[in-house]
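Some notes on the structure that comes next.
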Amino acid sequence: MTNNLFTNQTNRGKFDEIYKEITGKNLDPKILINEKKETFLFQYMQGELNNLFDLFTDLELLSTEEIDRVTPEKLKRAIAELLIQMPVYRYYNYNFPLPDNDSENLKALLDIAANQEDLKEATLALKRMFLLVPLHSDAEYNGKLSKFYQRLMQFSGPLMAKGVEDTVMFTYNRFVGHSEVGDAPDAFGFSVTEFHQKMVDRQLHWPLSLNGSSTHDTKKGEDFRARINVLTDLPQVWQVAIQDFNSAIKNSEKLSEIFKSIHNNDFYLIFQTILGAIPYPGEDADEFDNRLVQFIEKALREAKKRSDWAEPNEEYEKLLQDFALQLIDENEESFAIISKLLNRIADFGILNSLAQLVLKFVCPGIPDVYQGTELWDLSLVDPDNRRPVDYEKRSQFIQEESSLKELWSSRYSGKIKLWLTKKLINFRKENQDVFTQGDYIPLKVEGTYHDNILAFARKYKQRYVVIAVPLGLATISQAEEIANFNWLDTQIILPKEFPTSWRNIITEKDEVKDILNENILVNQLFGELQIGLIELKNKPIERSAGILMHITSLPSKTELVILDLKPIDLLIF
């Protein structure tokens with residue numbers, strides 16, 4: 001979900017245009033997904049489909065007469081269409097009659113399948129079987145229907161994995177940041193309002209779900225995605241970089257010759273991949289050449305367009321690998337363009353990464369830190385995402401004491417991410433009830449840059465935590481150092497019952513709201529790092545230095561209005 005939060009959805013159309021210009025095609029990802037799932041189902045999983053239909057007939061969910069009337073072949077195709085149209089891996093409620101929401105989801109699939117004229121009758125029979133008959137059937141029939149539906153869902157997951165995760169995610173390259181497990185290649189961001197609603201629902205229904213940002217099956221590392229998400233904030237910059245890249249290729253004798261034989265879709269995949277995975281400036285190259293070569297082989301074979309696992313086209317694979325390696329040759333103009341663009345987006349990508357990390361720990365759910373992601377994770381698809389972890393380096397970093405300023409200065413090392421991870425683990429441990437049981441409360445933001453802030457609170461009894469992170473800072477910041485960005489009058493509106501003093505968890509400073517402002521200014525909240533994480537506290541009554549004197553000792557000429565003072569009352573002045 002954070003991947004979509006940090007994608008600037010307002011620029012979807014611009015990325016569609018860029019992709020169409022590069023490929024020469026107006027590709028519809030939804031159609032592409034259905035085509036790939038259908039191909040995989042009938043070419044590679046026909047046996048499983050036959051077994052599923054055998055179970056359907058064995059359970060006698062429809063009468064023999066109705067099956068003969070509709071025909072077994074059309075019923076099997078209608079069941080296949082349900083699998084093809086599934087928008088997610090699977091549904092998990094198998095108890096019939098289905099609850100309203102699950103029933104509506106299934107009805108929507110059946111309605112889509114019914115659009116095929118030759119499947120209308122078969123789809124209608126399935127609709128009656130799934131949605132109407134269970135309402136007045138006995139437990140035995142509904143139990144058999146549940147068994148079939150559960151098997152159907154068990155089949156849906158692998159089909160989605162093979163058709164989309166292992167095919168479309170390597171063929172539809174409009175923006176590869178969404179070609180990720182748990183995301184969708186046709187996705188392109190959602191609004192702050194949508195994110196808030198998803199979090200409210202998550203806390204209500206699945207408060208202990210796993211908050212994962214990387215796994216053993218990650219296609220693109222979490223910090224790879226956070227980095228190239230910045231491109232969605234800067235479509236014009238990205239378009240110019242592509243044009244410059246093409247010019248550099250034409251100006252290179254080696255690259256221009258190879259480029260004649262490279263498919264444009266593969267070129268676009270490689271450019272995005274290099275930009276997302278290349279190590280930060282000054283950091284260890286980390287065998288990047290070999291990693292890129294391995295990625296290209298797998299990407300081409302998974303895409304099943306110009307190579308395949310069954311029939312590898314090693315000649316084309318080698319051609320594309322040589323092309324990619326030449327692109328990152330430091331003597332080539334193309335490398336200078338990559339470096340320039342990386343320098344333009346790197347810090348914004350780092351800020352996205354750190355904001356994503358904070359959200360993982362404070363949003364509803366249980367945070368999961370996949371091994372190795374304590375530092376920057378710019379990994380590619382397996383086996384790259386399963387490389388040995390340098391625990392000695394992490395152990396060394398975690399023992400070193402550094403100020404926040406020093407951590408930011410050495411940000412390319414990833415040490416700042418490890419430092420923040422440690423801080424978040426400890427803070428969450430100290431406030432378990434707040435994050436497992438506490439309410440998720442969206443907070444309103446006002447001011448000049450209100451559209452560029454996500455803010456919310458977690459509240460449990462009288463304990464309050466407020467979180468704020470920037471969104472799309474690259475669209476509004478012209479500062480050389482993003483830490484210096486001035487949020488002007490942008491402020492977070494706190495509910496009236498919330499305390500207005502706090503402990504800043506990131507800076508470890510005690511602070512109080514500026515008395516000249518009714519709300520919390522973002523400038524005050526963010527401080528040295530453009531992320532806010534504060535624990536609100538009721539401010540203790542402070543006594544200023546002075547002399548304690550009995551009321552009777554005041555000079556007689558002093559004009560005071562004293563209401564309901566008892567003899568023992570003291571004034572502090």
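To be explicit about the labels: the chains of the structure tokens are called A, B, and onward in the order shown, and within each one the residues are counted from 1, while ligands get numbers from 1 in the order they are shown.
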Near Leu357 of chain A, counting only C-alpha atoms, which residues have an atom at most 9 Å away, once you skip same-chain residues fewer than 3 positions from it, shown as a compact mmCIF listing (two decimals) with C-alpha atoms, in the first residue's frame?
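Heads up, here's the output in part08.txt:
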# COMPACT_ATOMS: atom_id res chain seq x y z
CA SER A 213 7.71 -4.23 2.37
CA ASN A 352 10.47 7.94 0.66
CA SER A 353 12.30 4.91 2.06
CA LEU A 354 12.50 6.32 5.58
CA LYS A 360 5.43 0.06 8.42
CA PHE A 361 5.95 0.34 12.17
CA VAL A 362 3.14 2.70 13.14
CA LYS A 417 17.89 3.38 7.89
CA LEU A 420 15.72 4.51 12.41
CA THR A 421 14.74 0.82 12.39
CA LEU A 424 11.16 2.30 15.77
If you run DSSP on this backbone, which residues of segment 24-193 of chain A come out as alpha helix (DSSP H), and could you give them as JSON, numbers by chain?
-> {"A": [29, 30, 31, 32, 33, 34, 35, 36, 37, 38, 39, 40, 41, 42, 43, 44, 46, 47, 48, 49, 50, 51, 52, 53, 54, 55, 56, 57, 58, 64, 65, 66, 67, 68, 69, 70, 72, 73, 74, 75, 76, 77, 78, 79, 80, 81, 82, 83, 84, 85, 100, 101, 102, 103, 104, 105, 106, 107, 108, 109, 110, 111, 112, 113, 120, 121, 122, 123, 124, 125, 126, 127, 139, 140, 141, 142, 143, 144, 145, 146, 147, 148, 149, 150, 151, 152, 153, 154, 155, 156, 157, 158, 159, 160, 192, 193]}
Compile the contact shell of Asp68 of chain A as an MDAnalysis selection string: residues with an atom at most 12 Å away, counting only C-alpha atoms, same-chain residues fewer than 5 positions apart removed.
-> chainID A and resid 57 62:63 73:75 122 125
Go through A:Lys144, A:Arg386, A:Arg12, A:Lys37 one by one, measure the shortest atom-to-atom distance of each to Tyr89 of chain A using only C-alpha atoms, and give the residue with the smallest value.
->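 Of all the options, A:Lys37 lies closest to Tyr89 of chain A.
With only C-alpha atoms as the atoms that count, the minimum distance from Gly182 of chain A to the choices A:Met1, A:Leu231, A:Ile520, A:Ile18 is reached by A:Met1.
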Any idea what's packed within 6 Å of Val465 of chain A, counting only C-alpha atoms, ignoring anything in its chain fewer than 6 positions away? Could you give it as a PyMOL selection string?
-> chain A and resi 457-458+534-536
With C-alpha atoms retained, export the selected residues as a compact mmCIF listing (two decimals), in the first residue's frame.
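Contents of out-v9.txt, as written:
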# COMPACT_ATOMS: atom_id res chain seq x y z
CA ALA A 457 -2.65 9.65 15.00
CA ARG A 458 -2.71 6.40 16.92
CA ILE A 534 5.87 12.42 18.26
CA GLU A 535 4.37 11.07 21.45
CA LEU A 536 1.92 13.61 22.86
Leaving out Tyr412 of chain A and any residue of its chain fewer than 5 positions from it, which residues lie within 9 Å of it when counting only C-alpha atoms, given as number ranges by chain?
-> A: 279-283, 346-347, 350, 376
Mind dumping the selected residues with N, CA and C atoms as a compact mmCIF listing (two decimals), in the first residue's frame?
# COMPACT_ATOMS: atom_id res chain seq x y z
N PRO A 279 23.88 1.17 -7.33
CA PRO A 279 24.24 1.62 -5.97
C PRO A 279 24.34 3.14 -5.88
N TYR A 280 24.16 3.64 -4.67
CA TYR A 280 24.27 5.08 -4.44
C TYR A 280 25.69 5.56 -4.75
N PRO A 281 25.83 6.84 -5.13
CA PRO A 281 27.15 7.39 -5.45
C PRO A 281 28.16 7.15 -4.32
N GLY A 282 29.33 6.65 -4.71
CA GLY A 282 30.39 6.43 -3.73
C GLY A 282 30.29 5.13 -2.97
N GLU A 283 29.20 4.38 -3.17
CA GLU A 283 29.04 3.11 -2.46
C GLU A 283 29.58 1.95 -3.29
N ALA A 346 17.87 10.87 -5.88
CA ALA A 346 18.34 9.97 -4.81
C ALA A 346 17.84 10.37 -3.42
N ASP A 347 18.00 11.64 -3.05
CA ASP A 347 17.62 12.05 -1.70
C ASP A 347 16.11 11.96 -1.48
N ILE A 350 15.44 8.40 -0.81
CA ILE A 350 15.82 8.04 0.56
C ILE A 350 14.74 8.48 1.54
N TRP A 376 20.02 -0.26 2.86
CA TRP A 376 19.31 -0.04 1.59
C TRP A 376 19.13 -1.36 0.84
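Interatomic distance, atom CA of Lys509 of chain A against atom CA of Trp408 of chain A: 18.1 Å.
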Atom-to-atom span, atom CA of Glu374 of chain A and atom CA of Val358 of chain A, Å | 12.7 Å
Smallest atom-to-atom distance to Ser395 of chain A: which of A:Trp419, A:Phe6, A:Phe435, A:Phe190, using only C-alpha atoms?
->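 Counting only C-alpha atoms, the residue closest to Ser395 of chain A is A:Trp419.
One distance worth recording is that between atom CA of Gly177 of chain A and atom CA of Arg225 of chain A, which is 5.1 Å.
With distances restricted to only C-alpha atoms, A:Asp439 is the closest residue to Asp201 of chain A from A:Asp186, A:Asp439, A:Thr218, A:Tyr391.
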Polymer residues at most 12 Å from Asp54 of chain A, only C-alpha atoms, same-chain spacing of 4 or more positions, as an MDAnalysis selection string | chainID A and resid 47:50 58:61 72:73 75:76 79 148 151
Would you mind exporting C-alpha atoms of the selected residues as a PDB file, in the first residue's frame?
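again27.pdb written:
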ATOM      1  CA  GLY A  47      -4.902 -30.816 -16.170  1.00  0.00           C
ATOM      2  CA  GLU A  48      -5.654 -28.869 -12.987  1.00  0.00           C
ATOM      3  CA  LEU A  49      -8.707 -27.324 -14.652  1.00  0.00           C
ATOM      4  CA  ASN A  50      -9.951 -30.785 -15.637  1.00  0.00           C
ATOM      5  CA  ASP A  58     -18.664 -35.442  -8.491  1.00  0.00           C
ATOM      6  CA  LEU A  59     -20.183 -33.140  -5.873  1.00  0.00           C
ATOM      7  CA  GLU A  60     -23.429 -32.974  -7.898  1.00  0.00           C
ATOM      8  CA  LEU A  61     -23.837 -29.259  -7.348  1.00  0.00           C
ATOM      9  CA  PRO A  72     -20.094 -29.698 -19.629  1.00  0.00           C
ATOM     10  CA  GLU A  73     -17.689 -27.861 -21.932  1.00  0.00           C
ATOM     11  CA  LEU A  75     -19.654 -24.958 -17.729  1.00  0.00           C
ATOM     12  CA  LYS A  76     -15.943 -25.721 -17.606  1.00  0.00           C
ATOM     13  CA  ILE A  79     -15.503 -21.770 -14.364  1.00  0.00           C
ATOM     14  CA  PHE A 148     -15.752 -26.732  -4.397  1.00  0.00           C
ATOM     15  CA  ARG A 151     -10.722 -25.608  -4.261  1.00  0.00           C
TER      16      ARG A 151
END
Which is closest to Ile270 of chain A among A:Leu82, A:Leu327, A:Ala285, A:Ala310, if we use only C-alpha atoms?
->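 Residue with the minimum atom-to-atom distance to Ile270 of chain A: A:Leu327.
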Can you tell me, as a list in words, what residues are no more than 8 Å from Leu341 of chain A when counting only C-alpha atoms, ignoring any on the same chain fewer than 4 positions away?
-> Ala241, Ile337 and Ile345 of chain A
Saved selection, atoms kept: C-alpha atoms, as a PDB file, in the first residue's frame:
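This went into out.pdb:
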ATOM      1  CA  ALA A 241      16.161  11.915 -19.500  1.00  0.00           C
ATOM      2  CA  ILE A 337      22.891  10.680 -17.892  1.00  0.00           C
ATOM      3  CA  ILE A 345      16.149  11.811  -7.333  1.00  0.00           C
TER       4      ILE A 345
END
Which of these residues is nearest to Thr232 of chain A, using only C-alpha atoms: A:His178, A:Arg301, A:Arg306, A:Arg503?
->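 Residue with the minimum atom-to-atom distance to Thr232 of chain A: A:His178.
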